[in-house]
Amino acid sequence: MTTESKKIITFVNGILGLEQYKSYVLLDHPGTDIVKWLEAVDQPEIALPVVNPFLFFPDYAPKISRENLLQINIKSPEEAIVLCVLTIGANTKDITVNLKAPIIVNSDSRLADQFIADNPEYNVREPLKLKKACSDGRCESC
């Protein structure tokens with residue numbers, strides 16, 4: 001895969017558990033604009049499904065220290081793109097989202113990192129409740 005350098009997201013410290021991979025691209029999931037894939041540039045078989053958490057949790061407000069945000073040159077919330085990693089269980093109805101460790105991307109510089117939110121109410125595996133709207137079993141947001 002050839003990737004334009006302007007589309008590459010560079011992680012300062014890496015994603016937890018994948019710290020050795022620093023360069024990623026954000027790809028669309030076929031058939032939906034809700035789910036994206038964060039794919040490692042150097043290891044395309046490493047790809048994490050991610051979502052914009054505000055689509056499912058409108059009141060989501062992760063507390064990330066100013067010091068951490070400055071590592072990726074974020075000085076205001078408008079500069080940040082927030083993504084959360086999905087986990088899909090053996091039963092595809094068992095989908096969780098990691099609200100405890102959001103991925104924050106600087107929309108201008110494309111610098112990013114995964115941070116631990118200082119919110120005790122957020123979980124690593126928060127159940128994602130999807131409403132079925134179609135007879136084929138898709139959720140109404142997919």
# chains A, B, ... in the order shown; residues from 1 in each chain; ligands from 1
$ residues_around --residues "segment 105-122 of chain A" --least-positions-apart "3" --cutoff "9 Å" --atoms "only C-alpha atoms" --output "ChimeraX atom specification"
/A:6-16,61-65,68-69,71-74,78-83,98-102,125-126
$ closest_residue --among "A:Asn91, A:Ser76, A:Val85, A:Thr96" --to "Trp37 of chain A" --atoms "only C-alpha atoms"
A:Val85
$ atom_distance --atom1 "atom CA of Asp94 of chain A" --atom2 "atom CA of Leu55 of chain A"
18.1 Å
$ select_by_dssp --residues "segment 28-91 of chain A" --states "helix (DSSP H, G or I)" --output "PyMOL selection string"
chain A and resi 53-55+66-71+77-79
$ write_last_selection --atoms "C-alpha atoms" --output "PDB file, in the first residue's frame"
ATOM      1  CA  PRO A  53     -17.115   8.002  20.861  1.00  0.00           C
ATOM      2  CA  PHE A  54     -19.373  11.072  20.764  1.00  0.00           C
ATOM      3  CA  LEU A  55     -21.664   9.286  18.292  1.00  0.00           C
ATOM      4  CA  ARG A  66      -2.760  19.531  29.574  1.00  0.00           C
ATOM      5  CA  GLU A  67       0.808  18.225  29.748  1.00  0.00           C
ATOM      6  CA  ASN A  68      -0.184  15.108  27.792  1.00  0.00           C
ATOM      7  CA  LEU A  69      -2.109  17.099  25.197  1.00  0.00           C
ATOM      8  CA  LEU A  70       0.843  19.425  24.666  1.00  0.00           C
ATOM      9  CA  GLN A  71       2.937  16.362  23.673  1.00  0.00           C
ATOM     10  CA  PRO A  77     -10.359  20.979  22.009  1.00  0.00           C
ATOM     11  CA  GLU A  78     -11.077  22.091  18.439  1.00  0.00           C
ATOM     12  CA  GLU A  79      -7.667  20.740  17.364  1.00  0.00           C
TER      13      GLU A  79
END
$ closest_residue --among "A:Leu18, A:Leu128, A:Val50, A:Ile34" --to "Leu86 of chain A" --atoms "only C-alpha atoms"
A:Val50
$ atom_distance --atom1 "atom CA of Lys75 of chain A" --atom2 "atom CA of Ile104 of chain A"
12.4 Å
$ closest_residue --among "A:Ala90, A:Val97, A:Val124, A:Val25" --to "Phe56 of chain A" --atoms "only C-alpha atoms"
A:Val97
$ select_by_dssp --residues "segment 4-137 of chain A" --states "strand (DSSP E)" --output "PyMOL selection string"
chain A and resi 9-11+23-29+32-40+47-51+80-88+95-97+103-106+111-114+126-127
$ atom_distance --atom1 "atom CA of Glu39 of chain A" --atom2 "atom CA of Leu26 of chain A"
6.4 Å
$ closest_residue --among "A:Cys84, A:Gly17, A:Thr92, A:Pro127" --to "Lys36 of chain A" --atoms "only C-alpha atoms"
A:Cys84
